Every structure is written in structure tokens, then in C-alpha cells.
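Colleague: model-v1.cif is reproduced in full below (mmCIF, C-alpha atoms).
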data_input
loop_
_atom_site.label_atom_id
_atom_site.label_comp_id
_atom_site.auth_asym_id
_atom_site.auth_seq_id
_atom_site.Cartn_x
_atom_site.Cartn_y
_atom_site.Cartn_z
CA MET A 1 0.00 0.00 0.00
CA LYS A 2 1.18 3.52 -0.79
CA LYS A 3 2.14 5.44 2.30
CA ASP A 4 -0.87 7.38 3.58
CA LYS A 5 0.24 10.98 3.80
CA PHE A 6 -1.54 13.87 5.48
CA LYS A 7 -0.68 17.31 4.25
CA ILE A 8 -2.28 20.67 5.01
CA ASP A 9 -1.02 23.23 2.53
CA ASN A 10 2.77 22.70 2.65
CA ILE A 11 2.90 21.08 6.10
CA ASN A 12 3.24 17.31 6.33
CA LEU A 13 1.70 15.84 9.46
CA LYS A 14 2.49 12.42 10.85
CA SER A 15 -0.80 12.17 12.68
CA ARG A 16 -4.33 12.89 11.48
CA LEU A 17 -5.21 13.84 15.03
CA ILE A 18 -4.82 17.50 15.98
CA VAL A 19 -5.34 18.28 19.66
CA GLY A 20 -6.29 21.35 21.62
CA THR A 21 -4.29 22.45 24.65
CA GLY A 22 -7.07 24.04 26.73
CA LYS A 23 -8.94 22.87 29.84
CA TYR A 24 -6.18 20.68 31.33
CA LYS A 25 -5.43 20.70 35.07
CA ASN A 26 -1.97 22.12 34.44
CA LEU A 27 0.65 22.47 31.72
CA SER A 28 2.41 19.28 32.71
CA GLU A 29 -0.79 17.29 32.09
CA THR A 30 -1.26 19.15 28.79
CA ALA A 31 2.22 18.14 27.64
CA LYS A 32 1.75 14.49 28.66
CA ALA A 33 -1.61 14.26 26.89
CA VAL A 34 -0.21 15.81 23.71
CA LYS A 35 2.63 13.31 23.77
CA ALA A 36 0.29 10.35 24.33
CA SER A 37 -1.98 11.54 21.50
CA GLY A 38 0.86 11.34 18.98
CA ALA A 39 -0.38 14.62 17.45
CA ASN A 40 2.18 16.88 15.84
CA MET A 41 -0.09 19.88 15.58
CA VAL A 42 -1.79 21.58 18.54
CA THR A 43 -4.16 24.51 18.75
CA VAL A 44 -3.22 27.37 21.07
CA ALA A 45 -4.92 30.58 22.14
CA VAL A 46 -3.51 34.12 22.21
CA ARG A 47 -4.04 36.00 25.47
CA ARG A 48 -2.69 38.91 27.49
CA VAL A 49 0.37 38.18 29.63
CA ASN A 50 -0.10 38.78 33.35
CA VAL A 51 2.88 41.13 33.55
CA LEU A 52 2.89 41.23 37.34
CA ASP A 53 3.17 37.44 37.75
CA LYS A 54 6.82 36.76 37.01
CA LYS A 55 6.77 33.04 37.66
CA LYS A 56 3.82 32.14 35.50
CA PRO A 57 4.72 28.99 33.52
CA LEU A 58 4.59 29.29 29.74
CA LEU A 59 3.01 26.81 27.34
CA MET A 60 6.13 27.11 25.16
CA ASP A 61 8.23 25.74 28.03
CA TYR A 62 6.12 22.57 28.10
CA ILE A 63 5.35 22.03 24.41
CA ASN A 64 8.25 22.88 22.14
CA PRO A 65 6.98 24.78 19.08
CA LYS A 66 10.06 23.58 17.16
CA LYS A 67 8.86 19.99 17.52
CA ILE A 68 5.07 20.39 17.54
CA HIS A 69 3.31 22.76 15.12
CA TYR A 70 1.41 25.49 16.96
CA LEU A 71 -1.89 26.40 15.34
CA PRO A 72 -2.96 29.73 16.87
CA ASN A 73 -6.73 30.15 17.18
CA THR A 74 -9.11 33.08 17.52
CA ALA A 75 -11.21 31.56 20.30
CA GLY A 76 -13.36 34.16 22.00
CA CYS A 77 -13.55 36.41 18.93
CA PHE A 78 -17.04 37.43 17.87
CA ASN A 79 -16.12 39.63 14.92
CA SER A 80 -13.69 39.86 12.05
CA GLU A 81 -11.71 42.77 13.49
CA ASP A 82 -10.82 40.94 16.73
CA ALA A 83 -9.97 37.73 14.88
CA LEU A 84 -7.62 39.51 12.45
CA ARG A 85 -5.92 41.39 15.28
CA THR A 86 -5.39 38.14 17.20
CA LEU A 87 -3.91 36.25 14.26
CA ARG A 88 -1.61 39.10 13.20
CA LEU A 89 -0.22 39.10 16.75
CA ALA A 90 0.10 35.31 16.64
CA ARG A 91 2.08 35.51 13.40
CA GLU A 92 4.39 38.11 14.89
CA MET A 93 4.91 35.93 17.95
CA GLY A 94 5.63 32.61 16.31
CA GLY A 95 6.34 33.53 12.71
CA TRP A 96 3.89 30.86 11.52
CA LYS A 97 1.40 31.50 8.77
CA MET A 98 -0.91 28.57 9.47
CA VAL A 99 -3.77 29.55 11.76
CA LYS A 100 -7.19 28.43 12.91
CA LEU A 101 -9.93 30.96 12.26
CA GLU A 102 -13.01 30.73 14.41
CA ILE A 103 -15.48 33.56 14.67
CA LEU A 104 -18.38 32.87 16.97
CA GLY A 105 -21.84 34.27 16.50
CA ASP A 106 -23.61 33.35 19.71
CA LYS A 107 -22.41 32.97 23.29
CA LYS A 108 -24.75 30.13 24.20
CA THR A 109 -24.13 27.82 21.24
CA LEU A 110 -20.69 29.17 20.22
CA TYR A 111 -21.98 28.60 16.71
CA PRO A 112 -19.74 30.03 13.96
CA ASP A 113 -20.75 33.31 12.30
CA MET A 114 -20.17 32.39 8.67
CA ILE A 115 -20.59 35.90 7.24
CA GLU A 116 -17.76 37.25 9.43
CA THR A 117 -15.78 34.02 8.91
CA ILE A 118 -15.82 34.23 5.11
CA LYS A 119 -15.00 37.95 5.23
CA SER A 120 -11.97 37.27 7.46
CA THR A 121 -10.81 34.29 5.41
CA LYS A 122 -10.54 36.53 2.35
CA VAL A 123 -8.45 39.13 4.21
CA LEU A 124 -6.15 36.54 5.84
CA VAL A 125 -5.53 34.68 2.57
CA LYS A 126 -4.61 38.00 0.93
CA GLU A 127 -2.14 38.65 3.77
CA GLY A 128 -0.47 35.29 3.16
CA PHE A 129 -1.98 33.30 6.02
CA LYS A 130 -2.81 29.62 5.60
CA VAL A 131 -6.25 29.44 7.13
CA LEU A 132 -7.90 26.40 8.68
CA VAL A 133 -11.49 27.45 9.17
CA TYR A 134 -13.90 26.39 11.89
CA CYS A 135 -17.31 26.42 10.22
CA THR A 136 -20.88 25.19 10.15
CA ASP A 137 -21.61 21.83 8.53
CA ASP A 138 -23.32 23.62 5.63
CA PRO A 139 -21.84 22.38 2.31
CA LEU A 140 -22.51 25.73 0.61
CA GLN A 141 -20.55 27.70 3.20
CA ALA A 142 -17.77 25.11 3.08
CA LYS A 143 -17.55 25.55 -0.69
CA LYS A 144 -17.38 29.33 -0.31
CA LEU A 145 -14.48 28.95 2.11
CA GLU A 146 -12.62 26.70 -0.31
CA ASP A 147 -13.28 29.12 -3.20
CA ASN A 148 -11.90 31.95 -1.06
CA GLY A 149 -8.59 30.20 -0.44
CA ALA A 150 -9.02 28.34 2.87
CA SER A 151 -6.36 25.66 3.49
CA ALA A 152 -8.75 23.31 5.32
CA ILE A 153 -12.44 23.11 6.13
CA MET A 154 -13.21 22.38 9.79
CA PRO A 155 -16.92 21.78 10.26
CA LEU A 156 -18.35 21.15 13.70
CA ALA A 157 -19.69 17.71 14.65
CA ALA A 158 -21.77 19.36 17.39
CA PRO A 159 -21.37 22.56 19.48
CA ILE A 160 -17.92 23.27 21.00
CA GLY A 161 -17.36 21.35 24.22
CA SER A 162 -20.70 19.50 23.99
CA GLY A 163 -19.25 16.02 23.40
CA LEU A 164 -22.37 15.01 21.47
CA GLY A 165 -20.65 13.38 18.48
CA ILE A 166 -21.44 13.84 14.79
CA HIS A 167 -24.97 15.15 14.44
CA ASN A 168 -25.34 15.66 10.73
CA LYS A 169 -23.53 12.85 8.95
CA LEU A 170 -25.22 13.66 5.66
CA ASN A 171 -23.87 17.22 5.59
CA ILE A 172 -20.41 16.12 6.67
CA SER A 173 -20.28 13.51 3.92
CA LEU A 174 -21.46 16.06 1.33
CA ILE A 175 -18.64 18.38 2.43
CA ILE A 176 -16.11 15.52 2.22
CA LYS A 177 -17.26 14.61 -1.31
CA GLN A 178 -17.08 18.14 -2.69
CA SER A 179 -13.87 19.37 -1.04
CA LYS A 180 -10.43 19.29 -2.64
CA ILE A 181 -8.78 20.58 0.55
CA PRO A 182 -8.61 18.64 3.83
CA VAL A 183 -11.81 18.29 5.86
CA ILE A 184 -11.14 18.13 9.59
CA ILE A 185 -13.92 17.62 12.13
CA ASP A 186 -13.57 20.31 14.77
CA ALA A 187 -15.69 20.51 17.92
CA GLY A 188 -18.35 18.29 19.42
CA ILE A 189 -16.57 14.94 19.42
CA GLY A 190 -17.28 13.18 22.74
CA THR A 191 -15.34 9.96 22.77
CA ALA A 192 -12.83 7.92 20.79
CA SER A 193 -15.43 6.02 18.75
CA ASP A 194 -16.83 9.34 17.44
CA ALA A 195 -13.40 10.04 15.97
CA THR A 196 -13.30 6.60 14.36
CA ILE A 197 -16.71 7.25 12.77
CA ALA A 198 -15.49 10.60 11.41
CA MET A 199 -12.40 8.98 9.92
CA GLU A 200 -14.38 6.05 8.47
CA MET A 201 -16.64 8.56 6.74
CA GLY A 202 -13.55 9.88 4.96
CA CYS A 203 -12.61 12.94 7.01
CA ASP A 204 -8.94 13.83 6.59
CA GLY A 205 -8.46 14.48 10.29
CA VAL A 206 -10.09 15.37 13.59
CA LEU A 207 -9.39 18.14 16.10
CA ILE A 208 -10.04 17.17 19.71
CA ASN A 209 -9.78 19.13 22.94
CA SER A 210 -12.57 18.69 25.51
CA ALA A 211 -13.08 14.97 24.84
CA ILE A 212 -9.51 14.37 25.99
CA ALA A 213 -9.03 17.13 28.58
CA MET A 214 -12.39 16.61 30.31
CA SER A 215 -12.17 12.80 30.45
CA LYS A 216 -11.38 11.15 33.77
CA ASN A 217 -7.90 10.14 32.59
CA PRO A 218 -6.81 12.59 29.89
CA ILE A 219 -3.50 10.87 29.14
CA LEU A 220 -5.14 7.48 28.58
CA MET A 221 -7.92 9.12 26.55
CA ALA A 222 -5.32 10.88 24.40
CA GLU A 223 -3.88 7.49 23.53
CA ALA A 224 -7.38 6.13 22.87
CA PHE A 225 -7.94 8.94 20.35
CA LYS A 226 -4.61 8.24 18.69
CA ASN A 227 -5.65 4.64 18.13
CA ALA A 228 -9.23 5.57 17.20
CA VAL A 229 -8.06 7.91 14.44
CA ILE A 230 -5.63 5.32 13.06
CA ALA A 231 -8.35 2.62 13.17
CA GLY A 232 -10.88 4.85 11.44
CA ARG A 233 -8.45 5.90 8.73
CA GLU A 234 -7.35 2.32 8.01
CA SER A 235 -10.96 1.19 7.97
CA PHE A 236 -11.80 3.95 5.47
CA LEU A 237 -8.87 3.00 3.25
CA ALA A 238 -9.70 -0.71 3.47
CA GLY A 239 -13.34 -0.10 2.50
CA ARG A 240 -16.11 -1.68 4.49
CA MET A 241 -17.99 -4.85 3.47
CA LYS A 242 -21.37 -4.67 1.78
CA LYS A 243 -24.34 -4.65 4.14
CA ASN A 244 -26.73 -7.62 3.90
CA SER A 245 -30.34 -7.72 5.09
CA PHE A 246 -30.07 -11.37 6.15
CA ALA A 247 -27.48 -13.60 7.73
CA VAL A 248 -24.63 -14.87 5.58
CA ALA A 249 -22.85 -17.78 7.25
CA SER A 250 -19.11 -17.43 7.79
CA SER A 251 -18.30 -21.16 7.93
CA PRO A 252 -18.59 -23.38 4.83
CA LYS A 253 -21.71 -25.55 4.53
CA LYS A 254 -19.77 -28.41 2.93
CA GLY A 255 -18.73 -31.29 5.19
CA ILE A 256 -21.16 -30.65 8.04
CA ILE A 257 -21.35 -33.87 10.10
CA SER A 258 -24.73 -35.54 9.97
CA MET B 1 8.45 59.54 34.33
CA ALA B 2 5.84 58.65 31.75
CA LYS B 3 2.47 57.09 32.46
CA ILE B 4 1.43 54.28 30.16
CA GLN B 5 -0.95 51.34 30.16
CA ILE B 6 0.20 47.72 29.85
CA ASN B 7 -2.58 45.20 29.25
CA GLY B 8 -5.03 47.66 30.72
CA LYS B 9 -2.96 48.34 33.88
CA LYS B 10 -1.65 51.86 34.54
CA VAL B 11 2.09 51.95 35.23
CA SER B 12 4.85 54.55 35.41
CA ILE B 13 8.01 54.08 33.40
CA GLU B 14 11.31 55.90 32.88
CA ASN B 15 11.27 58.68 30.33
CA ARG B 16 12.33 57.58 26.86
CA ALA B 17 12.13 53.89 27.79
CA SER B 18 11.82 51.62 24.77
CA VAL B 19 9.44 48.72 24.24
CA PHE B 20 12.42 46.43 24.79
CA ASP B 21 13.15 48.12 28.16
CA ILE B 22 9.60 47.35 29.27
CA LEU B 23 10.01 43.68 28.34
CA LYS B 24 13.18 43.58 30.41
CA LYS B 25 11.54 45.37 33.35
CA TYR B 26 8.80 42.71 33.51
CA LYS B 27 11.19 39.84 32.74
CA LEU B 28 9.41 38.91 29.53
CA ASN B 29 11.22 36.87 26.89
CA SER B 30 10.84 38.81 23.66
CA SER B 31 10.85 35.60 21.60
CA LYS B 32 7.80 34.29 23.47
CA VAL B 33 5.50 37.31 23.35
CA ALA B 34 4.07 39.72 20.78
CA ILE B 35 3.61 43.45 21.32
CA GLU B 36 1.07 45.95 20.13
CA LEU B 37 1.65 49.66 20.71
CA ASN B 38 -1.47 51.81 20.37
CA GLY B 39 -3.08 49.11 18.23
CA ILE B 40 -0.09 48.59 15.92
CA ILE B 41 2.19 45.56 16.11
CA VAL B 42 5.81 46.32 17.02
CA PRO B 43 8.04 43.81 15.20
CA ARG B 44 10.84 42.32 17.27
CA SER B 45 13.43 44.14 15.16
CA LEU B 46 11.97 47.52 16.19
CA GLN B 47 11.49 46.89 19.91
CA LYS B 48 14.71 48.68 20.89
CA LYS B 49 14.08 51.67 18.66
CA LYS B 50 10.47 52.24 19.65
CA LYS B 51 10.40 54.75 22.52
CA LEU B 52 7.36 55.16 24.74
CA LYS B 53 5.58 58.38 25.66
CA ASN B 54 2.81 59.47 28.00
CA ASN B 55 -0.59 57.76 27.50
CA ASP B 56 0.79 55.01 25.26
CA LYS B 57 -1.10 51.75 25.41
CA ILE B 58 0.80 48.48 25.15
CA GLU B 59 -0.64 45.00 24.73
CA VAL B 60 1.66 42.08 25.52
CA VAL B 61 0.29 38.68 24.48
CA GLN B 62 1.49 35.10 24.68
CA PHE B 63 0.30 31.65 23.65
CA ILE B 64 -1.72 29.75 26.23
CA GLY B 65 -3.67 26.50 26.13
CA GLY B 66 -6.70 26.63 23.86
CA GLY B 67 -8.89 24.53 21.61
#
Translate this file's structure into C-alpha cells.
Modeller:
Amino acid sequence: MKKDKFKIDNINLKSRLIVGTGKYKNLSETAKAVKASGANMVTVAVRRVNVLDKKKPLLMDYINPKKIHYLPNTAGCFNSEDALRTLRLAREMGGWKMVKLEILGDKKTLYPDMIETIKSTKVLVKEGFKVLVYCTDDPLQAKKLEDNGASAIMPLAAPIGSGLGIHNKLNISLIIKQSKIPVIIDAGIGTASDATIAMEMGCDGVLINSAIAMSKNPILMAEAFKNAVIAGRESFLAGRMKKNSFAVASSPKKGIIS
Amino acid sequence: MAKIQINGKKVSIENRASVFDILKKYKLNSSKVAIELNGIIVPRSLQKKKKLKNNDKIEVVQFIGGG
């Protein structure tokens, strides 16, 4: 079999699992979970430094950005202006052009505002950013993002942090079929089997944060997701058997003792 | 002395201090943060040249855990 490669724009990734770094008990747990997940890309947020706290540990001291790709996000941004400001600062900080754009439209559902999202995608692409876009599972919006130069489409499975799993398989599969750029499920995955389902459907990758960080044993769950994504991908590549309405015996009928 | 704001906090600094001096004062590693001065990003290469004056507003940001 040809080696199964995963590439977003010009970045080759060893794992199809991307993990978030939020919600962990502490940075040491974050680092251990990232390691156990096998991911070589992590999402990170951009926030004010507490200048008065001189001993505050830094994420960069626990997860080396030279070894693991940082994907800065725009979490908490509800309009284009704030998102652009955040990502320009992120680029200055790390020098990386690949970013995760997420512009939220509603505080209760954290549902993406696609009008602001498409507007910002256009600006960022023009400025040379490689934009991975958190979006609704609407195939039309996904197509618009691709037409406007997005590097990956990242539709939600369910609302951020809900852990409800994939709620609109039809829409996700329509997006997978039409897209020429990677489709990565972002948000709403609850447990390892949800990730396997996403990968079996033909998603190029999954992005997981809460399902790992909020589990009872995040480091073990990170490993479970690593295996779940590999299993789902291999299952997709292998191609599932045909479904039958009735039983089809597995053992030969010939030679049954009578 | 000049009065400026860092991340929304009012502080007093030496006259003609540069952005780089402020990073040093607060023990911030310039390779691990990004700086905005009055809404405009200050590239690392200009941090020593950029002098601060009264009422300037600085934002200092870093990467933290996020999803």
C-alpha cells in the first residue's frame, strides 16, 4: 500500500489527530496528553500576559513549538476585526502563517458566524496566512471557504465542548465529497469512537480538545484517540464490506457432520 | 516619568524607555510574546528603537492553552 500521507497546505503531518491544549489541570498534564496523542499539531490561544506574575509557567516551556506545530486560534472572537488582530499578533509571535480561524456568532451555542468568517478568510488569505477554518456543517458555506482560499475546512460535529458526536452525517459527507482541501472535524466529538466514525466517513483528520481534557484520565484518553483515528483511517482506506439484510454464514456448509 | 498602560494596567516608566526596556523590566522573553503599541504591532526588530511616551497603550500577548 502507498504510504498514507496527510498534508495541510505545505505542512506534512504524521498524525491525522490534531489536539487542543485548553482545559487541562496544568501544563504538565497538557504536555503528557499531547505526547500520548501522537499529534504533531496543537491549537493554542492568544491571550494577554499577566505582567505582574513573574513566575507564570509558559506553554512554550512545556510544548516545544520547534517539535510540535502550533496552530494559533481566535477563540473568544465574535467579529472579524478581533480575529484579524489576534492572528496578526500570533504571526508576529511565532512567525507561523498557518492559523485556525473561528469567529463565533452566539455565546450560548458558540456557533460560527459564517458571514464574518468568510469575510476574514478573504483578508487573511490576501495577507499570506494559511487558514484552517472552523465552520458550520453547511456544504454551501464550506464551498465558499474553499473558493476563497481556505487551506482546510473544519466543520463542527456538534457545538464546541458539547461532546455530542457527529450530528449531521449527511452534511459532513457532502462536504467531504465536494472538497479538494482537507476536511477536519472540529468541535463536538465526545469519545474515541466518534473520531473513528469521522475517519471512516472519509474525514482527513479530527481536532479534539474537551473529549480528551475533560475525560477522567486525559493521558489514557489521548492514547485512545490516537488509536481511534488510526483505526478509522485504516478502515476507510480498506473499504467496508457490503451490508446484507439477512445472515450470511461465515463457515462453509460443505462437510457438516450428519 | 511617563504614564502608560500595559494590558489595561496603569504603570509609570522611565522617560524615553523603549518597548524592549519594558520587556526587560517585567522579565518577559521577547521571543515568546508579541507586542502591540497603540493598536499597531511592534516587530521584534523595532522593539529597541520604539520609545514610549505618555498615554501610550501596550498590549503584551502570549500563547496559552486553547482549543
Colleague: Could you please tell me, as an NGL selection string, which residues of chain B have an atom within 6 Å of chain A when using all atoms listed in the file?
Modeller: :B and (33-34 or 60-67)
Colleague: To verify the selection step, state as a PyMOL selection string which residues the PyMOL selection byres ((chain A and resi 190-204) around 6) yields on this input.
Modeller: chain A and resi 163-165+182-184+189+205+211+225+228-229+232-233+235-236
Colleague: Just the number, please: distance in Å from atom CA of Ile153 of chain A to atom CA of Val133 of chain A, one decimal.
Modeller: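 Result for atom CA of Ile153 of chain A versus atom CA of Val133 of chain A: 5.4 Å, one decimal.
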Colleague: Anything within 10 Å of (3.6, 11.4, 20.0): list those residues as a count of residues only, counting all atoms listed in the file and sticking to the file's coordinates.
Modeller: 15
Colleague: Written as a PyMOL selection string, which residues does the PyMOL selection byres ((chain B and resi 15) around 7) give for the file shown?
Modeller: chain B and resi 1-2+13-14+16-17
Colleague: Go ahead and fit an axis-aligned box to every listed atom of segment 245-258 of chain A plus 4 Å each side, and pass me the centre and edge lengths in Å, one decimal, as lines of an AutoDock Vina configuration file.
Modeller:
center_x = -24.3
center_y = -21.6
center_z = 6.5
size_x = 20.0
size_y = 35.8
size_z = 15.2
Colleague: When distances are computed from all atoms listed in the file, which of A:Ile115, A:Tyr134, A:Lys243, A:Asn168 shows the smallest separation from Val206 of chain A?
Modeller: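 Looking at the shortest contact to Val206 of chain A, the residue is A:Tyr134.
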Colleague: Written as a list in words, what is the full residue list that the PyMOL selection byres ((chain B and resi 52-56) around 7) yields on the file shown?
Modeller: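 Taken on the displayed file, the PyMOL selection byres ((chain B and resi 52-56) around 7) yields the residues Ala2, Lys3, Ile4, Gln5, Arg16, Ala17, Ser18, Val19, Asn38, Lys50, Lys51, Lys57 and Ile58 of chain B.
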